[in-house]
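K.L.:
Data file data.txt (compact mmCIF, N, CA and C atoms and all ligand atoms) is appended below.
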```
# COMPACT_ATOMS: atom_id res chain seq x y z
N MET L 422 -18.47 -0.76 -8.40
CA MET L 422 -18.05 -0.35 -9.74
C MET L 422 -16.92 0.66 -9.61
N LYS L 423 -15.85 0.47 -10.35
CA LYS L 423 -14.71 1.37 -10.30
C LYS L 423 -14.93 2.53 -11.26
N SER L 424 -14.53 3.75 -10.82
CA SER L 424 -14.67 4.93 -11.66
C SER L 424 -13.31 5.34 -12.19
N ASN L 425 -12.96 4.92 -13.39
CA ASN L 425 -11.64 5.23 -13.93
C ASN L 425 -11.66 6.41 -14.90
N GLY L 426 -12.84 6.98 -15.14
CA GLY L 426 -12.94 8.04 -16.13
C GLY L 426 -12.17 9.29 -15.78
N ASN L 427 -11.99 9.59 -14.52
CA ASN L 427 -11.32 10.82 -14.12
C ASN L 427 -9.90 10.61 -13.62
N ILE L 428 -9.29 9.49 -14.01
CA ILE L 428 -7.97 9.18 -13.46
C ILE L 428 -6.94 10.23 -13.83
N ASN L 429 -7.03 10.79 -15.03
CA ASN L 429 -6.05 11.83 -15.42
C ASN L 429 -6.20 13.06 -14.54
N PHE L 430 -7.47 13.45 -14.27
CA PHE L 430 -7.72 14.58 -13.38
C PHE L 430 -7.12 14.30 -12.01
N PHE L 431 -7.34 13.10 -11.50
CA PHE L 431 -6.82 12.73 -10.19
C PHE L 431 -5.28 12.77 -10.18
N GLU L 432 -4.70 12.23 -11.20
CA GLU L 432 -3.23 12.19 -11.23
C GLU L 432 -2.64 13.59 -11.23
N GLU L 433 -3.30 14.52 -11.91
CA GLU L 433 -2.77 15.88 -12.00
C GLU L 433 -3.10 16.71 -10.77
N ASN L 434 -4.26 16.52 -10.18
CA ASN L 434 -4.75 17.45 -9.15
C ASN L 434 -4.89 16.89 -7.74
N VAL L 435 -4.98 15.59 -7.62
CA VAL L 435 -5.25 15.00 -6.30
C VAL L 435 -4.08 14.16 -5.79
N PHE L 436 -3.40 13.48 -6.68
CA PHE L 436 -2.30 12.61 -6.25
C PHE L 436 -1.25 13.42 -5.49
N LEU L 437 -0.74 12.84 -4.43
CA LEU L 437 0.28 13.50 -3.63
C LEU L 437 1.65 13.35 -4.26
N THR L 438 2.47 14.38 -4.07
CA THR L 438 3.88 14.28 -4.44
C THR L 438 4.67 14.15 -3.14
N SER L 439 5.93 13.80 -3.24
CA SER L 439 6.73 13.71 -2.01
C SER L 439 6.85 15.08 -1.35
N LYS L 440 6.82 16.16 -2.16
CA LYS L 440 6.86 17.51 -1.59
C LYS L 440 5.60 17.78 -0.77
N ASP L 441 4.44 17.37 -1.29
CA ASP L 441 3.19 17.53 -0.54
C ASP L 441 3.28 16.81 0.81
N ILE L 442 3.73 15.58 0.75
CA ILE L 442 3.76 14.74 1.96
C ILE L 442 4.71 15.31 3.01
N LEU L 443 5.87 15.74 2.56
CA LEU L 443 6.87 16.23 3.50
C LEU L 443 6.59 17.65 3.99
N SER L 444 5.66 18.34 3.35
CA SER L 444 5.35 19.72 3.77
C SER L 444 4.33 19.76 4.90
N VAL L 445 3.71 18.63 5.20
CA VAL L 445 2.70 18.59 6.27
C VAL L 445 3.35 18.22 7.59
N HIS L 446 3.08 19.06 8.61
CA HIS L 446 3.59 18.73 9.94
C HIS L 446 2.80 17.55 10.50
N ILE L 447 3.48 16.56 10.98
CA ILE L 447 2.81 15.40 11.56
C ILE L 447 3.42 15.13 12.93
N GLY L 448 2.54 15.02 13.93
CA GLY L 448 3.00 14.75 15.28
C GLY L 448 3.21 13.27 15.50
N LEU L 449 3.85 12.94 16.62
CA LEU L 449 4.10 11.53 16.93
C LEU L 449 2.81 10.73 17.08
N LYS L 450 1.79 11.38 17.70
CA LYS L 450 0.51 10.68 17.87
C LYS L 450 -0.08 10.30 16.51
N ASP L 451 -0.03 11.25 15.57
CA ASP L 451 -0.54 10.96 14.22
C ASP L 451 0.24 9.82 13.59
N PHE L 452 1.54 9.90 13.73
CA PHE L 452 2.43 8.90 13.13
C PHE L 452 2.09 7.50 13.63
N PHE L 453 1.91 7.36 14.94
CA PHE L 453 1.63 6.04 15.50
C PHE L 453 0.18 5.62 15.28
N ARG L 454 -0.75 6.60 15.29
CA ARG L 454 -2.16 6.28 15.06
C ARG L 454 -2.35 5.64 13.69
N LYS L 455 -1.66 6.16 12.69
CA LYS L 455 -1.80 5.63 11.33
C LYS L 455 -1.31 4.19 11.21
N GLN L 456 -0.53 3.76 12.19
CA GLN L 456 -0.01 2.39 12.15
C GLN L 456 -0.99 1.38 12.74
N VAL L 457 -2.05 1.86 13.38
CA VAL L 457 -3.00 0.92 14.00
C VAL L 457 -4.45 1.09 13.55
N LEU L 458 -4.80 2.24 12.99
CA LEU L 458 -6.20 2.43 12.58
C LEU L 458 -6.29 3.36 11.39
N ASN L 459 -7.44 3.28 10.74
CA ASN L 459 -7.70 4.14 9.59
C ASN L 459 -8.33 5.43 10.08
N GLU L 460 -7.63 6.53 9.87
CA GLU L 460 -8.10 7.82 10.39
C GLU L 460 -9.39 8.30 9.74
N ASN L 461 -9.68 7.83 8.56
CA ASN L 461 -10.90 8.27 7.88
C ASN L 461 -12.13 7.51 8.36
N ASP L 462 -11.96 6.24 8.68
CA ASP L 462 -13.12 5.38 8.94
C ASP L 462 -13.32 5.00 10.40
N PHE L 463 -12.26 5.01 11.19
CA PHE L 463 -12.36 4.43 12.52
C PHE L 463 -13.46 5.11 13.35
N GLY L 464 -14.30 4.30 13.96
CA GLY L 464 -15.35 4.80 14.84
C GLY L 464 -16.63 5.22 14.13
N LYS L 465 -16.64 5.15 12.81
CA LYS L 465 -17.84 5.57 12.07
C LYS L 465 -18.63 4.35 11.63
N ILE L 466 -19.95 4.48 11.71
CA ILE L 466 -20.81 3.46 11.12
C ILE L 466 -21.90 4.16 10.32
N THR L 467 -22.39 3.46 9.32
CA THR L 467 -23.52 3.94 8.53
C THR L 467 -24.66 2.96 8.74
N ILE L 468 -25.83 3.49 9.10
CA ILE L 468 -27.01 2.65 9.28
C ILE L 468 -28.02 3.03 8.20
N GLN L 469 -28.34 2.09 7.36
CA GLN L 469 -29.30 2.37 6.30
C GLN L 469 -30.73 2.24 6.83
N SER L 470 -31.68 2.74 6.05
CA SER L 470 -33.07 2.78 6.52
C SER L 470 -33.64 1.40 6.83
N ASN L 471 -33.08 0.36 6.21
CA ASN L 471 -33.55 -1.00 6.51
C ASN L 471 -32.83 -1.61 7.71
N GLY L 472 -31.94 -0.82 8.34
CA GLY L 472 -31.24 -1.29 9.53
C GLY L 472 -29.86 -1.87 9.25
N ASP L 473 -29.50 -2.05 7.99
CA ASP L 473 -28.18 -2.61 7.68
C ASP L 473 -27.09 -1.64 8.15
N VAL L 474 -26.05 -2.22 8.74
CA VAL L 474 -24.97 -1.42 9.33
C VAL L 474 -23.66 -1.70 8.59
N TYR L 475 -22.98 -0.61 8.25
CA TYR L 475 -21.69 -0.69 7.55
C TYR L 475 -20.66 0.14 8.32
N ALA L 476 -19.44 -0.36 8.37
CA ALA L 476 -18.33 0.48 8.85
C ALA L 476 -17.88 1.38 7.71
N ASN L 477 -18.05 0.90 6.50
CA ASN L 477 -17.78 1.67 5.29
C ASN L 477 -18.66 1.02 4.21
N VAL L 478 -19.42 1.82 3.53
CA VAL L 478 -20.40 1.25 2.58
C VAL L 478 -19.74 0.56 1.39
N HIS L 479 -18.42 0.69 1.25
CA HIS L 479 -17.72 -0.01 0.17
C HIS L 479 -17.46 -1.47 0.52
N TYR L 480 -17.67 -1.82 1.78
CA TYR L 480 -17.39 -3.19 2.22
C TYR L 480 -18.68 -3.89 2.64
N PRO L 481 -18.63 -5.21 2.79
CA PRO L 481 -19.86 -5.96 3.11
C PRO L 481 -20.52 -5.48 4.40
N VAL L 482 -21.82 -5.68 4.47
CA VAL L 482 -22.61 -5.28 5.62
C VAL L 482 -22.12 -6.02 6.87
N LEU L 483 -22.08 -5.30 8.00
CA LEU L 483 -21.65 -5.92 9.25
C LEU L 483 -22.77 -6.70 9.91
N GLY L 484 -23.97 -6.19 9.79
CA GLY L 484 -25.13 -6.81 10.42
C GLY L 484 -26.30 -5.85 10.31
N ASN L 485 -27.29 -6.06 11.17
CA ASN L 485 -28.48 -5.22 11.10
C ASN L 485 -28.82 -4.73 12.50
N ILE L 486 -29.08 -3.44 12.59
CA ILE L 486 -29.32 -2.81 13.88
C ILE L 486 -30.56 -3.38 14.58
N TYR L 487 -31.47 -3.96 13.81
CA TYR L 487 -32.69 -4.53 14.40
C TYR L 487 -32.46 -5.92 14.97
N THR L 488 -31.37 -6.56 14.53
CA THR L 488 -31.15 -7.93 15.00
C THR L 488 -29.82 -8.13 15.74
N HIS L 489 -28.94 -7.14 15.65
CA HIS L 489 -27.65 -7.27 16.33
C HIS L 489 -27.42 -6.08 17.27
N ARG L 490 -26.76 -6.35 18.38
CA ARG L 490 -26.43 -5.28 19.31
C ARG L 490 -25.25 -4.48 18.76
N ILE L 491 -25.19 -3.20 19.12
CA ILE L 491 -24.10 -2.33 18.66
C ILE L 491 -22.75 -2.93 19.06
N TYR L 492 -22.68 -3.43 20.30
CA TYR L 492 -21.43 -4.00 20.78
C TYR L 492 -20.97 -5.12 19.85
N TRP L 493 -21.90 -6.00 19.44
CA TRP L 493 -21.56 -7.12 18.56
C TRP L 493 -21.08 -6.60 17.21
N LEU L 494 -21.75 -5.57 16.69
CA LEU L 494 -21.38 -5.01 15.39
C LEU L 494 -19.97 -4.42 15.43
N ILE L 495 -19.67 -3.72 16.52
CA ILE L 495 -18.34 -3.12 16.66
C ILE L 495 -17.28 -4.21 16.80
N GLN L 496 -17.58 -5.21 17.60
CA GLN L 496 -16.65 -6.33 17.75
C GLN L 496 -16.38 -7.00 16.41
N ARG L 497 -17.43 -7.12 15.62
CA ARG L 497 -17.28 -7.76 14.31
C ARG L 497 -16.36 -6.94 13.40
N GLU L 498 -16.55 -5.62 13.41
CA GLU L 498 -15.67 -4.79 12.57
C GLU L 498 -14.22 -4.89 13.05
N ILE L 499 -14.03 -4.87 14.35
CA ILE L 499 -12.67 -4.94 14.89
C ILE L 499 -12.01 -6.28 14.55
N SER L 500 -12.77 -7.38 14.63
CA SER L 500 -12.15 -8.69 14.44
C SER L 500 -12.13 -9.17 12.99
N GLU L 501 -13.16 -8.79 12.21
CA GLU L 501 -13.23 -9.32 10.84
C GLU L 501 -13.31 -8.24 9.78
N GLY L 502 -13.53 -7.01 10.20
CA GLY L 502 -13.82 -5.94 9.24
C GLY L 502 -12.65 -5.55 8.37
N GLN L 503 -12.97 -4.76 7.37
CA GLN L 503 -11.94 -4.35 6.41
C GLN L 503 -11.77 -2.83 6.38
N SER L 504 -12.45 -2.12 7.26
CA SER L 504 -12.49 -0.68 7.15
C SER L 504 -11.72 0.04 8.25
N TRP L 505 -12.11 -0.14 9.48
CA TRP L 505 -11.54 0.63 10.59
C TRP L 505 -10.04 0.40 10.73
N LEU L 506 -9.58 -0.79 10.38
CA LEU L 506 -8.16 -1.10 10.56
C LEU L 506 -7.43 -1.20 9.22
N ARG L 507 -7.97 -0.57 8.21
CA ARG L 507 -7.33 -0.59 6.87
C ARG L 507 -6.15 0.38 6.88
N LEU L 508 -4.96 -0.18 6.69
CA LEU L 508 -3.72 0.61 6.80
C LEU L 508 -2.97 0.63 5.47
N ARG L 509 -1.93 1.42 5.44
CA ARG L 509 -1.05 1.42 4.26
C ARG L 509 -0.01 0.31 4.41
N ASN L 510 -0.50 -0.92 4.47
CA ASN L 510 0.42 -2.04 4.69
C ASN L 510 0.42 -3.03 3.53
N SER L 511 -0.01 -2.55 2.35
CA SER L 511 0.10 -3.40 1.17
C SER L 511 0.97 -2.68 0.15
N GLU L 512 1.32 -3.40 -0.91
CA GLU L 512 2.15 -2.80 -1.96
C GLU L 512 1.38 -1.67 -2.65
N PRO L 513 2.00 -0.59 -3.05
CA PRO L 513 3.42 -0.30 -2.91
C PRO L 513 3.74 0.43 -1.61
N CYS L 514 2.71 0.75 -0.82
CA CYS L 514 2.94 1.58 0.37
C CYS L 514 3.85 0.91 1.41
N LYS L 515 3.74 -0.41 1.54
CA LYS L 515 4.52 -1.05 2.62
C LYS L 515 6.02 -0.99 2.35
N GLN L 516 6.41 -0.69 1.11
CA GLN L 516 7.83 -0.57 0.78
C GLN L 516 8.27 0.90 0.69
N CYS L 517 7.37 1.81 1.05
CA CYS L 517 7.62 3.23 0.82
C CYS L 517 8.07 3.92 2.11
N ILE L 518 9.00 4.82 1.98
CA ILE L 518 9.50 5.55 3.15
C ILE L 518 8.43 6.46 3.75
N CYS L 519 7.42 6.80 2.97
CA CYS L 519 6.34 7.68 3.43
C CYS L 519 5.16 6.91 4.04
N GLN L 520 5.32 5.63 4.22
CA GLN L 520 4.20 4.75 4.62
C GLN L 520 3.34 5.32 5.74
N TRP L 521 3.95 5.84 6.79
CA TRP L 521 3.17 6.32 7.94
C TRP L 521 3.09 7.84 7.99
N LEU L 522 3.59 8.48 6.94
CA LEU L 522 3.45 9.93 6.82
C LEU L 522 2.21 10.27 6.00
N CYS L 523 1.87 9.42 5.06
CA CYS L 523 0.71 9.66 4.19
C CYS L 523 -0.59 9.53 4.96
N PRO L 524 -1.64 10.18 4.46
CA PRO L 524 -2.96 9.99 5.08
C PRO L 524 -3.36 8.52 5.00
N SER L 525 -4.22 8.09 5.91
CA SER L 525 -4.76 6.72 5.84
C SER L 525 -5.48 6.52 4.51
N PRO L 526 -5.55 5.28 4.05
CA PRO L 526 -6.29 5.02 2.80
C PRO L 526 -7.72 5.53 2.90
N SER L 527 -8.20 6.08 1.79
CA SER L 527 -9.54 6.68 1.76
C SER L 527 -10.45 5.92 0.82
N ASP L 528 -11.67 6.43 0.68
CA ASP L 528 -12.61 5.84 -0.27
C ASP L 528 -12.18 6.08 -1.71
N TYR L 529 -11.38 7.11 -1.94
CA TYR L 529 -10.93 7.37 -3.32
C TYR L 529 -10.11 6.19 -3.85
N GLU L 530 -9.25 5.64 -3.01
CA GLU L 530 -8.46 4.49 -3.44
C GLU L 530 -9.38 3.33 -3.86
N ILE L 531 -10.43 3.12 -3.07
CA ILE L 531 -11.35 2.03 -3.37
C ILE L 531 -12.05 2.31 -4.69
N GLU L 532 -12.53 3.53 -4.87
CA GLU L 532 -13.27 3.88 -6.09
C GLU L 532 -12.39 3.77 -7.33
N ILE L 533 -11.14 4.20 -7.19
CA ILE L 533 -10.24 4.19 -8.34
C ILE L 533 -9.65 2.80 -8.57
N GLY L 534 -9.62 1.99 -7.51
CA GLY L 534 -9.07 0.65 -7.64
C GLY L 534 -7.56 0.62 -7.56
N ARG L 535 -7.01 1.58 -6.81
CA ARG L 535 -5.55 1.62 -6.60
C ARG L 535 -5.28 1.67 -5.11
N PRO L 536 -4.16 1.13 -4.64
CA PRO L 536 -3.85 1.19 -3.21
C PRO L 536 -3.26 2.52 -2.77
N ASN L 537 -2.86 3.36 -3.74
CA ASN L 537 -2.22 4.63 -3.37
C ASN L 537 -2.68 5.74 -4.31
N LEU L 538 -2.68 6.95 -3.78
CA LEU L 538 -3.03 8.12 -4.59
C LEU L 538 -1.82 9.05 -4.58
N CYS L 539 -0.76 8.65 -5.24
CA CYS L 539 0.45 9.47 -5.21
C CYS L 539 1.24 9.29 -6.49
N ASN L 540 2.17 10.22 -6.66
CA ASN L 540 3.11 10.12 -7.77
C ASN L 540 4.47 9.68 -7.27
N VAL L 541 4.50 9.18 -6.04
CA VAL L 541 5.78 8.76 -5.45
C VAL L 541 6.14 7.36 -5.91
N LYS L 542 5.17 6.46 -5.83
CA LYS L 542 5.39 5.08 -6.25
C LYS L 542 4.25 4.64 -7.13
N SER L 543 4.56 3.98 -8.19
CA SER L 543 3.52 3.48 -9.08
C SER L 543 2.97 2.17 -8.53
N SER L 544 1.65 2.00 -8.64
CA SER L 544 1.05 0.73 -8.20
C SER L 544 0.78 -0.17 -9.38
N LYS L 545 1.24 0.24 -10.58
CA LYS L 545 0.97 -0.56 -11.79
C LYS L 545 1.97 -1.68 -11.92
S1 LIG L 601 3.28 4.72 -2.12
FE1 LIG L 601 1.77 4.85 -0.47
S2 LIG L 601 2.97 5.45 1.32
FE2 LIG L 601 4.20 5.92 -0.47
S3 LIG L 601 3.78 8.03 -0.95
FE3 LIG L 601 2.39 6.77 -2.17
S4 LIG L 601 0.49 6.63 -0.93
FE4 LIG L 601 2.15 7.33 0.41
```
Please, can you express the file's structure as structure tokens?

P.N.:
Amino acid sequence: MKSNGNINFFEENVFLTSKDILSVHIGLKDFFRKQVLNENDFGKITIQSNGDVYANVHYPVLGNIYTHRIYWLIQREISEGQSWLRLRNSEPCKQCICQWLCPSPSDYEIEIGRPNLCNVKSSK
């Protein structure tokens, strides 16, 4: 379910401006890391009490810890998953000069239903 009730609050207080983005020091490692993995999600899993395993609870279940090996679950996320390797490679970010300067996509984007949380480029 998308939460659009607080979009005005987000636009005023959370959305990044180009000044915000350019004021953060970013090293080369950070710059290249953002091009291959999601800094928020990579390496994390959530295991629910029934054994269901998620790389991110916003996406479909990867498997179950009682029936699948951890190695298989990780392989599945790497090859088919939507979380660990979720990058800023869709519109409007892929056309933006800040593409690899911005933080990796977060759960806020998923909740709000937008690919970007900024005032730099509109996704509408
Ligand atoms: S459009 Fe995407 S890459 Fe560009 S500033 Fe906004 S969030 Fe960052």

K.L.:
Among chain L, which residues carry a DSSP assignment of alpha helix (DSSP H), reported as a PyMOL selection string?

P.N.:
chain L and resi 428-434+439-444+449-454+491-501+528-533

K.L.:
Please find the residues contacting ligand LIG 601 (chain L) at a distance of at most 12 Å between atoms, with only C-alpha atoms and all ligand atoms counted, and report them as a PDB file with N, CA and C atoms, in the frame of the given file.

P.N.:
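For reference, part_35.pdb as written:
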```pdb
ATOM      1  N   GLU L 432      -4.700  12.230 -11.200  1.00  0.00           N
ATOM      2  CA  GLU L 432      -3.230  12.190 -11.230  1.00  0.00           C
ATOM      3  C   GLU L 432      -2.640  13.590 -11.230  1.00  0.00           C
ATOM      4  N   VAL L 435      -4.980  15.590  -7.620  1.00  0.00           N
ATOM      5  CA  VAL L 435      -5.250  15.000  -6.300  1.00  0.00           C
ATOM      6  C   VAL L 435      -4.080  14.160  -5.790  1.00  0.00           C
ATOM      7  N   PHE L 436      -3.400  13.480  -6.680  1.00  0.00           N
ATOM      8  CA  PHE L 436      -2.300  12.610  -6.250  1.00  0.00           C
ATOM      9  C   PHE L 436      -1.250  13.420  -5.490  1.00  0.00           C
ATOM     10  N   LEU L 437      -0.740  12.840  -4.430  1.00  0.00           N
ATOM     11  CA  LEU L 437       0.280  13.500  -3.630  1.00  0.00           C
ATOM     12  C   LEU L 437       1.650  13.350  -4.260  1.00  0.00           C
ATOM     13  N   THR L 438       2.470  14.380  -4.070  1.00  0.00           N
ATOM     14  CA  THR L 438       3.880  14.280  -4.440  1.00  0.00           C
ATOM     15  C   THR L 438       4.670  14.150  -3.140  1.00  0.00           C
ATOM     16  N   SER L 439       5.930  13.800  -3.240  1.00  0.00           N
ATOM     17  CA  SER L 439       6.730  13.710  -2.010  1.00  0.00           C
ATOM     18  C   SER L 439       6.850  15.080  -1.350  1.00  0.00           C
ATOM     19  N   LYS L 440       6.820  16.160  -2.160  1.00  0.00           N
ATOM     20  CA  LYS L 440       6.860  17.510  -1.590  1.00  0.00           C
ATOM     21  C   LYS L 440       5.600  17.780  -0.770  1.00  0.00           C
ATOM     22  N   ASP L 441       4.440  17.370  -1.290  1.00  0.00           N
ATOM     23  CA  ASP L 441       3.190  17.530  -0.540  1.00  0.00           C
ATOM     24  C   ASP L 441       3.280  16.810   0.810  1.00  0.00           C
ATOM     25  N   ILE L 442       3.730  15.580   0.750  1.00  0.00           N
ATOM     26  CA  ILE L 442       3.760  14.740   1.960  1.00  0.00           C
ATOM     27  C   ILE L 442       4.710  15.310   3.010  1.00  0.00           C
ATOM     28  N   LEU L 443       5.870  15.740   2.560  1.00  0.00           N
ATOM     29  CA  LEU L 443       6.870  16.230   3.500  1.00  0.00           C
ATOM     30  C   LEU L 443       6.590  17.650   3.990  1.00  0.00           C
ATOM     31  N   LYS L 455      -1.660   6.160  12.690  1.00  0.00           N
ATOM     32  CA  LYS L 455      -1.800   5.630  11.330  1.00  0.00           C
ATOM     33  C   LYS L 455      -1.310   4.190  11.210  1.00  0.00           C
ATOM     34  N   GLN L 456      -0.530   3.760  12.190  1.00  0.00           N
ATOM     35  CA  GLN L 456      -0.010   2.390  12.150  1.00  0.00           C
ATOM     36  C   GLN L 456      -0.990   1.380  12.740  1.00  0.00           C
ATOM     37  N   LEU L 508      -4.960  -0.180   6.690  1.00  0.00           N
ATOM     38  CA  LEU L 508      -3.720   0.610   6.800  1.00  0.00           C
ATOM     39  C   LEU L 508      -2.970   0.630   5.470  1.00  0.00           C
ATOM     40  N   ARG L 509      -1.930   1.420   5.440  1.00  0.00           N
ATOM     41  CA  ARG L 509      -1.050   1.420   4.260  1.00  0.00           C
ATOM     42  C   ARG L 509      -0.010   0.310   4.410  1.00  0.00           C
ATOM     43  N   ASN L 510      -0.500  -0.920   4.470  1.00  0.00           N
ATOM     44  CA  ASN L 510       0.420  -2.040   4.690  1.00  0.00           C
ATOM     45  C   ASN L 510       0.420  -3.030   3.530  1.00  0.00           C
ATOM     46  N   SER L 511      -0.010  -2.550   2.350  1.00  0.00           N
ATOM     47  CA  SER L 511       0.100  -3.400   1.170  1.00  0.00           C
ATOM     48  C   SER L 511       0.970  -2.680   0.150  1.00  0.00           C
ATOM     49  N   GLU L 512       1.320  -3.400  -0.910  1.00  0.00           N
ATOM     50  CA  GLU L 512       2.150  -2.800  -1.960  1.00  0.00           C
ATOM     51  C   GLU L 512       1.380  -1.670  -2.650  1.00  0.00           C
ATOM     52  N   PRO L 513       2.000  -0.590  -3.050  1.00  0.00           N
ATOM     53  CA  PRO L 513       3.420  -0.300  -2.910  1.00  0.00           C
ATOM     54  C   PRO L 513       3.740   0.430  -1.610  1.00  0.00           C
ATOM     55  N   CYS L 514       2.710   0.750  -0.820  1.00  0.00           N
ATOM     56  CA  CYS L 514       2.940   1.580   0.370  1.00  0.00           C
ATOM     57  C   CYS L 514       3.850   0.910   1.410  1.00  0.00           C
ATOM     58  N   LYS L 515       3.740  -0.410   1.540  1.00  0.00           N
ATOM     59  CA  LYS L 515       4.520  -1.050   2.620  1.00  0.00           C
ATOM     60  C   LYS L 515       6.020  -0.990   2.350  1.00  0.00           C
ATOM     61  N   GLN L 516       6.410  -0.690   1.110  1.00  0.00           N
ATOM     62  CA  GLN L 516       7.830  -0.570   0.780  1.00  0.00           C
ATOM     63  C   GLN L 516       8.270   0.900   0.690  1.00  0.00           C
ATOM     64  N   CYS L 517       7.370   1.810   1.050  1.00  0.00           N
ATOM     65  CA  CYS L 517       7.620   3.230   0.820  1.00  0.00           C
ATOM     66  C   CYS L 517       8.070   3.920   2.110  1.00  0.00           C
ATOM     67  N   ILE L 518       9.000   4.820   1.980  1.00  0.00           N
ATOM     68  CA  ILE L 518       9.500   5.550   3.150  1.00  0.00           C
ATOM     69  C   ILE L 518       8.430   6.460   3.750  1.00  0.00           C
ATOM     70  N   CYS L 519       7.420   6.800   2.970  1.00  0.00           N
ATOM     71  CA  CYS L 519       6.340   7.680   3.430  1.00  0.00           C
ATOM     72  C   CYS L 519       5.160   6.910   4.040  1.00  0.00           C
ATOM     73  N   GLN L 520       5.320   5.630   4.220  1.00  0.00           N
ATOM     74  CA  GLN L 520       4.200   4.750   4.620  1.00  0.00           C
ATOM     75  C   GLN L 520       3.340   5.320   5.740  1.00  0.00           C
ATOM     76  N   TRP L 521       3.950   5.840   6.790  1.00  0.00           N
ATOM     77  CA  TRP L 521       3.170   6.320   7.940  1.00  0.00           C
ATOM     78  C   TRP L 521       3.090   7.840   7.990  1.00  0.00           C
ATOM     79  N   LEU L 522       3.590   8.480   6.940  1.00  0.00           N
ATOM     80  CA  LEU L 522       3.450   9.930   6.820  1.00  0.00           C
ATOM     81  C   LEU L 522       2.210  10.270   6.000  1.00  0.00           C
ATOM     82  N   CYS L 523       1.870   9.420   5.060  1.00  0.00           N
ATOM     83  CA  CYS L 523       0.710   9.660   4.190  1.00  0.00           C
ATOM     84  C   CYS L 523      -0.590   9.530   4.960  1.00  0.00           C
ATOM     85  N   PRO L 524      -1.640  10.180   4.460  1.00  0.00           N
ATOM     86  CA  PRO L 524      -2.960   9.990   5.080  1.00  0.00           C
ATOM     87  C   PRO L 524      -3.360   8.520   5.000  1.00  0.00           C
ATOM     88  N   SER L 525      -4.220   8.090   5.910  1.00  0.00           N
ATOM     89  CA  SER L 525      -4.760   6.720   5.840  1.00  0.00           C
ATOM     90  C   SER L 525      -5.480   6.520   4.510  1.00  0.00           C
ATOM     91  N   PRO L 526      -5.550   5.280   4.050  1.00  0.00           N
ATOM     92  CA  PRO L 526      -6.290   5.020   2.800  1.00  0.00           C
ATOM     93  C   PRO L 526      -7.720   5.530   2.900  1.00  0.00           C
ATOM     94  N   SER L 527      -8.200   6.080   1.790  1.00  0.00           N
ATOM     95  CA  SER L 527      -9.540   6.680   1.760  1.00  0.00           C
ATOM     96  C   SER L 527     -10.450   5.920   0.820  1.00  0.00           C
ATOM     97  N   TYR L 529     -11.380   7.110  -1.940  1.00  0.00           N
ATOM     98  CA  TYR L 529     -10.930   7.370  -3.320  1.00  0.00           C
ATOM     99  C   TYR L 529     -10.110   6.190  -3.850  1.00  0.00           C
ATOM    100  N   GLU L 530      -9.250   5.640  -3.010  1.00  0.00           N
ATOM    101  CA  GLU L 530      -8.460   4.490  -3.440  1.00  0.00           C
ATOM    102  C   GLU L 530      -9.380   3.330  -3.860  1.00  0.00           C
ATOM    103  N   ARG L 535      -7.010   1.580  -6.810  1.00  0.00           N
ATOM    104  CA  ARG L 535      -5.550   1.620  -6.600  1.00  0.00           C
ATOM    105  C   ARG L 535      -5.280   1.670  -5.110  1.00  0.00           C
ATOM    106  N   PRO L 536      -4.160   1.130  -4.640  1.00  0.00           N
ATOM    107  CA  PRO L 536      -3.850   1.190  -3.210  1.00  0.00           C
ATOM    108  C   PRO L 536      -3.260   2.520  -2.770  1.00  0.00           C
ATOM    109  N   ASN L 537      -2.860   3.360  -3.740  1.00  0.00           N
ATOM    110  CA  ASN L 537      -2.220   4.630  -3.370  1.00  0.00           C
ATOM    111  C   ASN L 537      -2.680   5.740  -4.310  1.00  0.00           C
ATOM    112  N   LEU L 538      -2.680   6.950  -3.780  1.00  0.00           N
ATOM    113  CA  LEU L 538      -3.030   8.120  -4.590  1.00  0.00           C
ATOM    114  C   LEU L 538      -1.820   9.050  -4.580  1.00  0.00           C
ATOM    115  N   CYS L 539      -0.760   8.650  -5.240  1.00  0.00           N
ATOM    116  CA  CYS L 539       0.450   9.470  -5.210  1.00  0.00           C
ATOM    117  C   CYS L 539       1.240   9.290  -6.490  1.00  0.00           C
ATOM    118  N   ASN L 540       2.170  10.220  -6.660  1.00  0.00           N
ATOM    119  CA  ASN L 540       3.110  10.120  -7.770  1.00  0.00           C
ATOM    120  C   ASN L 540       4.470   9.680  -7.270  1.00  0.00           C
ATOM    121  N   VAL L 541       4.500   9.180  -6.040  1.00  0.00           N
ATOM    122  CA  VAL L 541       5.780   8.760  -5.450  1.00  0.00           C
ATOM    123  C   VAL L 541       6.140   7.360  -5.910  1.00  0.00           C
ATOM    124  N   LYS L 542       5.170   6.460  -5.830  1.00  0.00           N
ATOM    125  CA  LYS L 542       5.390   5.080  -6.250  1.00  0.00           C
ATOM    126  C   LYS L 542       4.250   4.640  -7.130  1.00  0.00           C
ATOM    127  N   SER L 543       4.560   3.980  -8.190  1.00  0.00           N
ATOM    128  CA  SER L 543       3.520   3.480  -9.080  1.00  0.00           C
ATOM    129  C   SER L 543       2.970   2.170  -8.530  1.00  0.00           C
ATOM    130  N   SER L 544       1.650   2.000  -8.640  1.00  0.00           N
ATOM    131  CA  SER L 544       1.050   0.730  -8.200  1.00  0.00           C
ATOM    132  C   SER L 544       0.780  -0.170  -9.380  1.00  0.00           C
ATOM    133  N   LYS L 545       1.240   0.240 -10.580  1.00  0.00           N
ATOM    134  CA  LYS L 545       0.970  -0.560 -11.790  1.00  0.00           C
ATOM    135  C   LYS L 545       1.970  -1.680 -11.920  1.00  0.00           C
TER     136      LYS L 545
END
```

K.L.:
Might I get the box with edges along x, y and z of the file that holds all atoms of segment 460-466 of chain L listed there, padded by 6 Å on every side, given as centre and edge lengths in Å to one decimal, as lines of an AutoDock Vina configuration file?

P.N.:
```
center_x = -14.8
center_y = 5.9
center_z = 11.4
size_x = 26.3
size_y = 16.8
size_z = 19.0
```

K.L.:
Near Ile466 of chain L, within 6.5 Å and counting all atoms listed in the file, which residues show up once chain neighbours fewer than 6 positions away are dropped, as a list in words?

P.N.:
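So, after excluding close chain neighbours, the residues are Val474, Tyr475, Ala476 and Asn477 of chain L.
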